[in-house]
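Containing mmCIF, C-alpha atoms and all ligand atoms: target28.cif.
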data_structure
loop_
_atom_site.label_atom_id
_atom_site.label_comp_id
_atom_site.auth_asym_id
_atom_site.auth_seq_id
_atom_site.Cartn_x
_atom_site.Cartn_y
_atom_site.Cartn_z
CA MET D 17 129.50 83.97 -75.49
CA GLU D 18 127.79 86.55 -73.37
CA ASP D 19 129.20 89.46 -71.47
CA VAL D 20 128.41 88.49 -67.90
CA GLN D 21 128.36 92.04 -66.61
CA VAL D 22 126.22 93.36 -69.41
CA VAL D 23 123.68 90.60 -68.87
CA ALA D 24 123.75 91.03 -65.10
CA MET D 25 123.08 94.73 -65.51
CA LEU D 26 120.28 93.99 -67.95
CA VAL D 27 118.67 91.61 -65.49
CA ARG D 28 119.00 94.13 -62.64
CA ARG D 29 117.40 96.85 -64.74
CA CYS D 30 114.66 94.45 -65.62
CA ILE D 31 113.92 93.56 -62.01
CA ALA D 32 113.87 97.26 -61.20
CA GLY D 33 111.01 97.60 -63.67
CA ASP D 34 112.81 98.79 -66.77
CA SER D 35 110.71 97.43 -69.59
CA ALA D 36 113.29 98.49 -72.19
CA ALA D 37 115.73 96.09 -70.55
CA TRP D 38 113.15 93.35 -70.65
CA GLU D 39 112.50 94.01 -74.31
CA GLU D 40 116.22 93.72 -74.95
CA ILE D 41 116.26 90.33 -73.28
CA VAL D 42 113.29 89.22 -75.35
CA GLN D 43 114.93 90.49 -78.52
CA THR D 44 118.20 88.76 -77.70
CA TYR D 45 116.89 85.34 -76.75
CA ASN D 46 113.59 84.79 -78.58
CA ARG D 47 115.26 83.36 -81.64
CA ARG D 48 117.31 80.88 -79.69
CA ILE D 49 114.40 79.75 -77.53
CA TYR D 50 112.07 79.50 -80.48
CA ASN D 51 114.55 77.33 -82.36
CA ILE D 52 115.07 74.97 -79.44
CA CYS D 53 111.31 74.64 -79.00
CA TYR D 54 110.75 74.20 -82.71
CA ARG D 55 113.34 71.47 -83.07
CA PHE D 56 112.14 69.69 -79.96
CA ALA D 57 108.37 70.04 -80.28
CA GLY D 58 108.33 69.71 -84.05
CA SER D 59 105.67 72.24 -84.97
CA GLY D 60 105.90 75.98 -85.39
CA ASP D 61 102.64 76.58 -83.55
CA ASP D 62 103.77 74.62 -80.52
CA ALA D 63 107.13 76.34 -80.65
CA GLU D 64 105.45 79.74 -80.63
CA ASP D 65 103.29 78.88 -77.63
CA LEU D 66 106.19 77.31 -75.80
CA THR D 67 108.46 80.27 -76.47
CA GLN D 68 105.88 82.57 -74.97
CA GLU D 69 105.57 80.29 -71.96
CA VAL D 70 109.32 80.31 -71.52
CA PHE D 71 109.40 84.10 -71.46
CA ILE D 72 106.49 84.30 -69.06
CA LYS D 73 108.31 81.93 -66.75
CA MET D 74 111.51 83.92 -67.18
CA TYR D 75 109.76 87.17 -66.43
CA ARG D 76 108.29 85.77 -63.24
CA THR D 77 111.49 84.19 -61.99
CA LEU D 78 114.04 86.69 -63.23
CA SER D 79 114.96 87.73 -59.70
CA SER D 80 115.98 84.14 -58.93
CA TYR D 81 118.70 84.21 -61.57
CA ASP D 82 122.09 83.98 -59.86
CA SER D 83 124.95 84.97 -62.14
CA SER D 84 127.45 83.24 -59.85
CA LYS D 85 125.82 79.90 -60.62
CA GLY D 86 126.21 80.08 -64.37
CA ALA D 87 125.70 82.00 -67.56
CA PHE D 88 122.36 83.62 -68.24
CA VAL D 89 122.02 81.68 -71.46
CA THR D 90 122.32 78.44 -69.49
CA TRP D 91 119.61 79.61 -67.13
CA VAL D 92 117.39 80.54 -70.06
CA THR D 93 118.03 77.20 -71.72
CA THR D 94 117.26 75.35 -68.50
CA ILE D 95 113.88 77.05 -68.23
CA THR D 96 113.21 76.21 -71.86
CA ARG D 97 114.20 72.60 -71.40
CA ASN D 98 112.09 72.17 -68.26
CA LEU D 99 109.05 73.50 -70.05
CA LEU D 100 109.74 71.17 -72.95
CA VAL D 101 109.79 68.26 -70.54
CA ASP D 102 106.40 69.32 -69.18
CA HIS D 103 105.13 69.76 -72.70
CA PHE D 104 106.34 66.33 -73.68
CA ARG D 105 104.65 64.73 -70.70
CA LYS D 106 101.38 66.40 -71.58
CA THR D 107 101.35 65.56 -75.26
CA LYS D 108 102.49 62.13 -76.10
CA GLN D 109 104.60 62.22 -79.18
CA ASP D 110 103.52 60.27 -82.27
CA ARG D 111 103.06 63.47 -84.15
CA MET D 112 106.16 63.30 -86.27
CA THR D 113 105.72 59.74 -87.46
CA ASP D 114 103.26 60.54 -90.20
CA SER D 115 105.07 63.52 -91.61
CA MET D 116 108.26 61.48 -91.71
CA ASP D 117 106.61 58.81 -93.84
CA ALA D 118 104.97 61.40 -96.03
CA THR D 119 108.31 63.01 -96.73
CA THR D 120 109.79 59.66 -97.59
CA GLU D 121 107.25 59.10 -100.31
CA HIS D 122 107.92 62.17 -102.42
CA GLU D 123 111.61 62.05 -101.72
CA ASP D 124 113.44 59.84 -104.18
CA ALA D 125 116.54 57.96 -103.17
CA GLN D 126 119.01 60.41 -104.60
CA PRO D 127 122.25 60.31 -102.66
CA LEU D 128 122.56 63.08 -100.13
CA SER D 129 126.00 64.03 -101.38
CA GLU D 130 124.44 65.05 -104.68
CA GLN D 131 121.68 66.97 -102.99
CA ILE D 132 123.83 69.02 -100.71
CA GLN D 133 127.10 69.36 -102.55
CA ASP D 134 125.58 70.36 -105.86
CA GLN D 135 126.89 73.90 -106.05
CA SER D 136 125.69 74.60 -109.58
CA ALA D 137 122.37 75.44 -107.89
CA PRO D 138 119.52 74.70 -110.28
CA PRO D 139 116.35 76.70 -109.65
CA ASP D 140 114.87 74.07 -107.36
CA ALA D 141 118.02 73.52 -105.31
CA HIS D 142 116.55 75.57 -102.50
CA VAL D 143 113.39 73.52 -102.57
CA ARG D 144 115.37 70.32 -102.41
CA GLN D 145 117.54 71.61 -99.60
CA ARG D 146 114.45 72.58 -97.70
CA GLU D 147 112.99 69.12 -98.21
CA VAL D 148 116.16 67.57 -96.85
CA GLY D 149 115.93 69.88 -93.88
CA GLU D 150 112.34 68.87 -93.28
CA THR D 151 113.27 65.22 -93.43
CA VAL D 152 116.06 65.67 -90.90
CA HIS D 153 113.70 67.70 -88.73
CA ALA D 154 111.10 64.94 -88.87
CA ALA D 155 113.72 62.31 -88.02
CA LEU D 156 114.80 64.39 -85.06
CA GLY D 157 111.24 64.23 -83.81
CA LYS D 158 111.45 60.46 -83.77
CA LEU D 159 114.32 60.36 -81.33
CA SER D 160 113.56 59.76 -77.70
CA PRO D 161 113.31 63.10 -75.85
CA GLU D 162 116.52 62.46 -73.90
CA LEU D 163 118.54 61.95 -77.05
CA ARG D 164 116.72 64.69 -78.94
CA GLU D 165 117.37 67.41 -76.40
CA ALA D 166 121.02 66.40 -76.13
CA VAL D 167 121.73 66.69 -79.85
CA ILE D 168 119.68 69.87 -80.17
CA LEU D 169 121.71 71.59 -77.48
CA ARG D 170 124.99 70.32 -78.84
CA ASP D 171 124.66 70.35 -82.62
CA LEU D 172 122.05 73.07 -83.13
CA GLN D 173 122.79 75.37 -80.22
CA ASP D 174 126.54 74.74 -80.03
CA MET D 175 126.57 74.46 -76.26
CA ASP D 176 129.56 72.79 -74.65
CA TYR D 177 129.19 69.53 -72.73
CA ARG D 178 129.54 71.14 -69.35
CA GLU D 179 126.76 73.63 -70.07
CA ILE D 180 124.52 70.86 -71.37
CA ALA D 181 125.23 68.77 -68.28
CA ASN D 182 124.22 71.81 -66.27
CA VAL D 183 120.95 72.20 -68.13
CA LEU D 184 120.04 68.52 -68.13
CA LYS D 185 121.29 67.91 -64.58
CA VAL D 186 123.21 64.79 -65.59
CA PRO D 187 126.95 64.06 -65.61
CA GLU D 188 129.02 65.12 -68.60
CA GLY D 189 129.70 61.49 -69.48
CA THR D 190 125.99 60.86 -69.75
CA VAL D 191 125.62 63.92 -71.95
CA LYS D 192 128.32 62.68 -74.32
CA SER D 193 126.82 59.22 -74.43
CA ARG D 194 123.37 60.61 -75.24
CA ILE D 195 124.79 62.81 -77.95
CA ASN D 196 126.56 59.83 -79.50
CA ARG D 197 123.43 57.73 -79.44
CA GLY D 198 121.25 60.57 -80.63
CA ARG D 199 123.45 61.29 -83.61
CA ALA D 200 123.77 57.60 -84.49
CA GLU D 201 120.06 56.97 -84.13
CA LEU D 202 119.30 59.95 -86.36
CA ALA D 203 121.70 58.68 -89.00
CA ARG D 204 120.04 55.26 -88.93
CA LEU D 205 116.60 56.82 -89.36
CA LEU D 206 117.77 58.93 -92.28
CA GLN D 207 119.68 56.07 -93.77
CA ARG D 208 116.43 54.20 -93.95
CA THR D 209 114.80 57.23 -95.54
CA TYR D 210 117.45 57.83 -98.15
CA ARG D 211 118.58 54.20 -98.44
CA GLN D 212 122.07 55.48 -98.50
CA VAL D 213 124.98 54.70 -96.25
CA MET D 214 126.96 57.73 -95.21
CA MET F 1 151.41 53.14 -78.94
CA PRO F 2 150.11 51.15 -81.88
CA GLU F 3 150.73 47.78 -80.26
CA GLN F 4 147.89 48.37 -77.79
CA THR F 5 145.28 48.28 -80.58
CA SER F 6 141.80 46.93 -79.87
CA ASN F 7 142.20 45.60 -76.37
CA GLY F 8 143.90 48.80 -75.32
CA MET F 9 140.50 50.51 -74.99
CA GLN F 10 137.15 49.39 -73.71
CA CYS F 11 133.82 50.23 -75.36
CA HIS F 12 132.70 52.62 -72.63
CA GLU F 13 135.97 54.51 -72.89
CA PHE F 14 135.51 54.68 -76.63
CA ASP F 15 132.02 56.08 -76.07
CA GLY F 16 133.44 58.73 -73.79
CA LEU F 17 135.98 59.80 -76.41
CA LEU F 18 133.71 59.63 -79.43
CA SER F 19 132.38 63.18 -79.27
CA ASP F 20 135.85 64.57 -78.66
CA ALA F 21 137.11 62.57 -81.63
CA LEU F 22 134.43 64.07 -83.84
CA ASP F 23 135.32 67.51 -82.54
CA GLY F 24 138.90 66.81 -83.60
CA LEU F 25 140.17 67.02 -80.04
CA LEU F 26 141.96 63.68 -79.92
CA SER F 27 145.60 63.38 -80.85
CA GLY F 28 148.67 61.24 -80.41
CA ALA F 29 148.44 57.92 -78.65
CA LYS F 30 144.85 58.49 -77.56
CA LEU F 31 143.74 58.98 -81.13
CA ASP F 32 145.65 55.90 -82.24
CA ARG F 33 144.00 53.75 -79.58
CA PHE F 34 140.64 55.21 -80.43
CA GLN F 35 141.03 54.48 -84.13
CA ALA F 36 142.33 51.03 -83.43
CA HIS F 37 139.27 50.24 -81.32
CA ALA F 38 136.98 51.60 -84.02
CA ARG F 39 138.54 49.27 -86.56
CA ALA F 40 138.45 46.21 -84.32
CA CYS F 41 135.17 46.52 -82.39
CA PRO F 42 132.02 45.39 -84.27
CA ALA F 43 129.81 47.68 -82.16
CA CYS F 44 131.93 50.80 -81.89
CA GLY F 45 133.07 50.99 -85.49
CA PRO F 46 129.58 51.49 -86.91
CA LEU F 47 128.68 53.73 -83.98
CA PHE F 48 131.49 56.07 -84.93
CA ALA F 49 130.38 56.22 -88.58
CA GLU F 50 126.74 56.77 -87.65
CA ALA F 51 127.47 59.40 -85.05
CA GLU F 52 129.55 61.29 -87.56
CA ALA F 53 126.82 61.04 -90.19
CA GLY F 54 124.15 62.10 -87.69
CA ARG F 55 126.17 65.09 -86.63
CA ASN F 56 126.60 66.12 -90.26
CA TRP F 57 122.88 65.88 -90.87
CA LEU F 58 122.20 68.05 -87.84
CA LYS F 59 124.83 70.58 -88.82
CA GLY F 60 123.01 70.92 -92.13
CA LEU F 61 119.89 72.17 -90.36
CA THR F 62 119.64 75.92 -90.52
CA GLU F 63 118.11 78.13 -87.91
CA VAL F 64 114.45 78.82 -88.47
CA GLU F 65 112.99 82.29 -88.44
CA PRO F 66 110.63 82.96 -85.53
CA PRO F 67 107.15 84.02 -86.67
CA ALA F 68 106.47 87.71 -87.12
CA GLY F 69 104.93 89.25 -84.06
CA LEU F 70 106.47 86.77 -81.64
CA VAL F 71 108.35 89.47 -79.76
CA GLU F 72 105.24 91.65 -79.56
CA ASN F 73 103.20 88.74 -78.27
CA ILE F 74 105.82 87.91 -75.69
CA LEU F 75 105.95 91.51 -74.51
CA ALA F 76 102.18 91.66 -74.32
CA SER F 77 101.91 88.44 -72.38
CA THR F 78 104.75 89.22 -70.00
CA THR F 79 104.45 92.90 -69.22
CA GLY F 80 100.70 92.48 -69.26
CA ILE F 81 100.37 89.51 -66.94
CA ALA F 82 103.16 90.09 -64.54
CA SER F 83 103.21 93.86 -64.21
CA ASP F 84 101.20 93.85 -60.98
CA ARG F 85 103.78 91.60 -59.41
CA LEU F 86 107.06 92.80 -60.78
CA ARG F 87 106.30 96.47 -60.93
CA ALA F 88 103.25 97.44 -59.01
CA PRO F 89 103.64 101.22 -59.58
CA ALA F 90 102.74 100.69 -63.20
CA LEU F 91 99.15 100.03 -62.19
CA SER F 92 98.62 103.57 -60.96
CA THR F 93 98.80 104.92 -64.49
CA PRO F 94 96.25 104.49 -67.25
CA PRO F 95 96.86 101.85 -69.89
CA ARG F 96 96.38 103.94 -72.94
CA VAL F 97 98.20 107.16 -73.70
CA SER F 98 97.03 109.71 -76.18
CA TRP F 99 99.55 111.70 -78.18
CA LEU F 100 98.64 114.71 -76.13
CA GLU F 101 99.47 112.99 -72.86
CA ARG F 102 102.72 111.82 -74.34
CA VAL F 103 103.67 115.32 -75.36
CA GLN F 104 102.72 116.64 -71.96
CA ALA F 105 104.69 113.96 -70.18
CA ARG F 106 107.76 114.66 -72.25
CA PHE F 107 107.27 118.35 -71.67
CA SER F 108 107.00 118.04 -67.91
CA ASP F 109 109.96 115.66 -67.86
CA ALA F 110 112.05 118.23 -69.65
CA MET F 111 110.90 120.93 -67.27
CA GLN F 112 111.79 118.98 -64.13
CA PRO F 113 115.35 120.35 -63.76
CA ILE F 114 114.22 123.87 -64.41
CA TRP F 115 111.53 123.50 -61.81
CA ALA F 116 114.01 122.28 -59.24
CA THR F 117 116.28 125.28 -59.65
CA VAL F 118 113.56 127.85 -59.73
CA ARG F 119 111.90 126.49 -56.64
CA GLN F 120 114.90 126.55 -54.39
CA PRO F 121 114.77 130.14 -53.09
CA ARG F 122 111.27 130.24 -51.78
CA PHE F 123 110.71 133.98 -52.14
CA ALA F 124 111.51 133.77 -55.84
CA MET F 125 108.92 131.12 -56.50
CA SER F 126 105.96 133.21 -57.49
CA PHE F 127 108.14 135.41 -59.62
CA GLY F 128 109.71 132.41 -61.29
CA MET F 129 106.37 130.85 -61.95
CA ALA F 130 105.03 133.98 -63.51
CA PHE F 131 108.02 134.21 -65.79
CA PHE F 132 107.79 130.54 -66.56
CA SER F 133 104.13 130.66 -67.55
CA LEU F 134 104.80 133.68 -69.72
CA SER F 135 107.70 132.06 -71.53
CA VAL F 136 105.77 128.84 -71.91
CA ALA F 137 102.78 130.65 -73.31
CA LEU F 138 104.97 132.57 -75.71
CA SER F 139 106.95 129.58 -76.86
CA VAL F 140 103.78 127.59 -77.29
CA VAL F 141 102.42 130.15 -79.73
CA GLY F 142 105.76 130.34 -81.51
CA VAL F 143 107.28 133.52 -80.11
CA LYS F 144 111.01 133.05 -79.68
CA PRO F 145 113.18 135.23 -77.42
CA SER F 146 114.96 136.45 -80.54
CA ASP F 147 111.65 137.77 -81.82
CA LEU F 148 111.21 139.81 -78.70
CA ARG F 149 114.44 141.65 -79.33
CA GLN F 150 113.14 142.83 -82.66
CA ILE F 151 109.78 144.05 -81.40
CA SER F 152 109.33 147.70 -82.07
CA LEU F 153 108.54 149.66 -78.93
CA ARG F 154 106.39 152.29 -80.66
CA PRO F 155 102.90 152.24 -79.04
CA ALA F 156 101.14 151.41 -82.32
CA ALA F 157 103.54 148.65 -83.20
CA LEU F 158 103.41 147.35 -79.66
CA ARG F 159 99.62 147.24 -79.80
CA HIS F 160 99.81 145.43 -83.11
CA THR F 161 102.21 142.86 -81.73
CA TYR F 162 100.06 142.45 -78.65
CA TYR F 163 96.86 141.80 -80.57
CA ASN F 164 98.66 139.61 -83.03
CA THR F 165 100.08 137.46 -80.26
CA GLN F 166 96.82 137.49 -78.35
CA ALA F 167 94.97 136.26 -81.41
CA ARG F 168 97.40 133.39 -81.77
CA VAL F 169 97.10 132.55 -78.10
CA VAL F 170 93.32 132.61 -78.29
CA ARG F 171 93.24 130.50 -81.44
CA TYR F 172 95.61 127.99 -79.92
CA TYR F 173 93.67 127.72 -76.72
CA ASP F 174 90.38 127.55 -78.51
CA ASN F 175 91.65 124.42 -80.17
CA ILE F 176 93.28 123.04 -77.12
CA ARG F 177 90.25 123.85 -74.98
CA LEU F 178 88.11 121.47 -76.95
CA VAL F 179 90.61 118.72 -76.32
CA TYR F 180 90.72 119.45 -72.62
CA GLU F 181 86.98 119.67 -72.33
CA VAL F 182 86.66 116.27 -73.90
CA GLN F 183 89.39 115.02 -71.61
CA SER F 184 87.87 116.40 -68.46
CA ARG F 185 84.51 114.96 -69.38
CA VAL F 186 86.07 111.57 -69.93
CA ARG F 187 87.80 111.99 -66.61
CA GLY F 188 84.57 112.90 -64.91
CA PHE F 189 82.95 109.89 -66.47
CA LYS F 190 85.75 107.66 -65.23
CA ARG F 191 85.46 109.11 -61.73
CA SER F 192 81.77 108.39 -61.66
CA LEU F 193 82.62 104.77 -62.43
CA THR F 194 85.33 104.63 -59.78
CA PRO F 195 84.45 103.75 -56.19
CA ALA F 196 84.71 106.71 -53.87
CA GLU F 197 88.06 105.66 -52.44
CA PRO F 198 91.04 107.78 -53.44
CA GLY F 199 93.54 106.50 -55.99
CA PRO F 200 96.59 104.56 -54.90
CA VAL F 201 98.99 107.37 -55.63
CA LYS F 202 98.72 110.82 -54.12
CA PRO F 203 99.19 113.82 -56.40
CA LYS F 204 102.22 114.98 -54.39
CA ASP F 205 104.06 111.73 -55.06
CA ARG F 206 103.25 111.73 -58.68
CA LYS F 207 105.37 114.72 -59.51
CA ASN F 208 108.47 112.91 -58.35
CA ASP F 209 107.52 109.73 -60.11
CA THR F 210 108.01 110.74 -63.70
CA SER F 211 111.30 108.88 -64.03
CA LYS F 212 109.57 105.64 -64.92
CA GLU F 213 107.21 107.12 -67.43
CA PRO F 214 108.75 106.17 -70.78
CA GLU F 215 108.89 102.45 -70.16
CA GLN F 216 105.46 102.34 -68.62
CA LYS F 217 104.08 103.92 -71.68
CA GLN F 218 105.48 101.30 -73.94
CA GLU F 219 104.07 98.54 -71.87
CA ARG F 220 100.69 100.15 -71.72
CA ASN F 221 100.40 99.93 -75.46
CA TYR F 222 100.73 96.19 -75.28
CA SER F 223 98.60 95.66 -72.22
CA GLN F 224 95.99 92.98 -72.25
CA THR F 225 92.31 93.76 -72.34
CA GLU F 226 91.77 92.41 -68.87
CA ASN F 227 94.25 94.88 -67.46
CA ASN F 228 92.77 97.74 -69.41
CA LEU F 229 89.52 97.29 -67.59
CA ILE F 230 91.18 97.51 -64.21
CA LEU F 231 93.49 100.32 -65.14
CA ALA F 232 90.79 102.43 -66.71
CA CYS F 233 89.50 103.10 -63.21
CA ALA F 234 92.82 104.30 -61.89
CA PRO F 235 93.43 108.05 -61.67
CA LEU F 236 95.25 109.64 -64.55
CA GLY F 237 98.97 110.22 -64.56
CA PRO F 238 100.76 113.36 -63.51
CA SER F 239 100.96 115.05 -66.86
CA VAL F 240 97.25 115.47 -67.41
CA ASN F 241 96.28 116.75 -64.03
CA ASP F 242 98.87 119.48 -63.74
CA LEU F 243 99.07 122.62 -65.78
CA PRO F 244 96.68 122.54 -68.70
CA VAL F 245 93.26 122.64 -67.07
CA VAL F 246 94.08 125.74 -65.08
CA SER F 247 95.51 127.50 -68.11
CA VAL F 248 92.32 126.93 -70.05
CA THR F 249 90.10 128.64 -67.53
CA THR F 250 92.54 131.54 -67.35
CA TYR F 251 92.54 132.15 -71.05
CA ARG F 252 88.83 131.68 -71.33
CA ARG F 253 88.27 135.04 -69.68
CA PHE F 254 90.81 136.42 -72.05
CA VAL F 255 88.60 135.68 -75.04
ZN ZN D 301 133.64 48.87 -78.69
#
Spell out the structure here as structure tokens.
Amino acid sequence: MEDVQVVAMLVRRCIAGDSAAWEEIVQTYNRRIYNICYRFAGSGDDAEDLTQEVFIKMYRTLSSYDSSKGAFVTWVTTITRNLLVDHFRKTKQDRMTDSMDATTEHEDAQPLSEQIQDQSAPPDAHVRQREVGETVHAALGKLSPELREAVILRDLQDMDYREIANVLKVPEGTVKSRINRGRAELARLLQRTYRQVM
Amino acid sequence: MPEQTSNGMQCHEFDGLLSDALDGLLSGAKLDRFQAHARACPACGPLFAEAEAGRNWLKGLTEVEPPAGLVENILASTTGIASDRLRAPALSTPPRVSWLERVQARFSDAMQPIWATVRQPRFAMSFGMAFFSLSVALSVVGVKPSDLRQISLRPAALRHTYYNTQARVVRYYDNIRLVYEVQSRVRGFKRSLTPAEPGPVKPKDRKNDTSKEPEQKQERNYSQTENNLILACAPLGPSVNDLPVVSVTTYRRFV
């Protein structure tokens, strides 16, 4: 996924004070971090603040990164996840509940298969697709944080189980179990929304 | 081994294999046992269907676009806040860079190797410097070495060339003088605001410290206001203090 030597060199340059190297790191990872934060925290504003916090933390602790202990992307994700935990503790979640219900109201019970697999693409297909995305996003926010982070790292960030276990500091079996439950719980929430059994 | 069916696998084992099954990593007997358990177990069967559905929902989510300016904000908040810790030398240079300073910095960077060679034999130094200033002055006003070859050596023509060049030099330095005067006044003003103690970096060290210039410049542009206030008191970088001020006074008499 990442060239270990290239990243290690980038980090070394960065620690030596090369701001171009730091900018490269920011350019490379901001999208990933922002997306993790957005999917976990729910709102774009929070995600923006959190992403900045992640990079500030990274910048301060860059010299503590040890390439022998794991990939840089795992280290970055761990920092992100730890900040998300802090964020979650500070702000108790109820935020997504309302938007979930709101989406349900203007979303009719059209089967998902029709919504997604309709390739003839009428003008409002994008709108509909976006609405589906918003509904899934809102449902994700209703999962417990342990399940949410597990499915985000697996299904949205495509990390393997070992990497996720590394980030979450739990055994791989626990990771798999959380992913199973997270996915199933999400399906149940959406099933209720769309009144449709997958 | 189809005869092992439902009691050939326990629920926790099924749970452990579920993600692999969805990833299509199960095969042979293991897959058979897995599927058999899914059919027979009232808890695991629905779990399998739901997990698969949930994964499909999640896979349908596309990546979102980070807001515009996120990278700039990150750079401002990181290189601004942490610069005093991670790279202390950055503090010895001013936060904002005018185009003139940039040009001068680039110019002195480019001249570094030349300087090194010329300086090596000590007796040649003054000679080298004289030649250097002359060529710099000429190139600055747009006289190329190829032009020199074509200069007529007749006294009248020579005089014409001389006055022509002198006029260009004078015009150029008239313009540049204004800039430097403004600069030196600003500098004087800054010094009057600075406590009497000398700056953190000695002039001698500065000449050798140009290697880090380009990146520092970039970060200065994004510096936070708080840092600007501190840095405004710091002495100016190497490029400003070196050649130009002296040249101005020299050419002033020329006018
Ligand atoms: Zn079972």
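The binding environment of ligand ZN 301 (chain D), defined as every protein, DNA or RNA residue with an atom no more than 9 Å away and counting all atoms listed in the file, comprises Ser6, Met9, Gln10, Cys11, His12, Glu13, Phe14, Asp15, His37, Ala38, Ala40, Cys41, Pro42, Ala43, Cys44, Gly45 and Leu47 of chain F.
Residues in contact range of segment 59-63 of chain F, defined as at most 8 Å between all atoms listed in the file, with sequence neighbours fewer than 4 positions away removed, read D:Asn51, D:Gly149, D:Val152, D:His153, D:Asp171, D:Leu172, F:Arg55.
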Checklist outcome for this item: Nearest to chain F, restricted to all atoms listed in the file and choosing among D:Lys185, D:Arg164, D:Arg105, D:Arg204, comes out as D:Arg204
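Considering the residues F:Gly8, F:Gly54, F:Gly69, F:Pro46 and counting only C-alpha atoms, chain D has its shortest atom-to-atom contact with F:Gly54.
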Counting only C-alpha atoms, which residues of chain F fall within 6 Å of chain D, and what is the closest atom pair for each with its distance in Å at one decimal, ordered by chain and rising number, as CSV?
residue,atom,partner,partner_atom,distance
F:Glu50,CA,D:Ala200,CA,4.4
F:Ala51,CA,D:Ala200,CA,4.2
F:Ala53,CA,D:Ala203,CA,5.8
F:Gly54,CA,D:Arg199,CA,4.2
F:Arg55,CA,D:Arg199,CA,5.6
F:Leu61,CA,D:Gly149,CA,5.8
F:Ile74,CA,D:Gln68,CA,5.4
F:Thr78,CA,D:Ile72,CA,5.3
F:Arg87,CA,D:Gly33,CA,5.6
F:Glu215,CA,D:Ser35,CA,5.4
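You will find atom CA of Ala181 of chain D at 14.3 Å from atom CA of Ser19 of chain F.
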Would you give me, as CSV, each residue of segment 149-189 of chain D having an atom within 9 Å of an atom of segment 82-96 of chain D, along with its shortest atom pair and that distance in Å to one decimal, using only C-alpha atoms and sorting by chain and residue number?
residue,atom,partner,partner_atom,distance
D:Leu169,CA,D:Thr93,CA,8.8
D:Met175,CA,D:Thr90,CA,8.9
D:Glu179,CA,D:Thr90,CA,6.6
D:Ile180,CA,D:Thr90,CA,8.1
D:Asn182,CA,D:Thr90,CA,7.6
D:Val183,CA,D:Thr94,CA,4.9
D:Leu184,CA,D:Thr94,CA,7.4
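When atom CA of Leu17 of chain F is paired with atom CA of Leu159 of chain D, their separation reads 22.2 Å.
Here atom CA of Leu26 of chain F and atom CA of Arg178 of chain D stand 17.9 Å from one another.
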Next on the checklist: Can you pull out the residues contacting Val101 of chain D? Cut-off 12 Å, using all atoms listed in the file, and skip same-chain residues under 5 positions away; I want them as a PyMOL selection string.
Outcome noted: chain D and resi 53+56-57+66+94-96+106-109+160-162+164-165+184
Item to check | Best match for closeness to Pro187 of chain D among F:Pro67, F:Gly24, F:Gly16, F:Gly80, counting all atoms listed in the file | outcome: F:Gly16
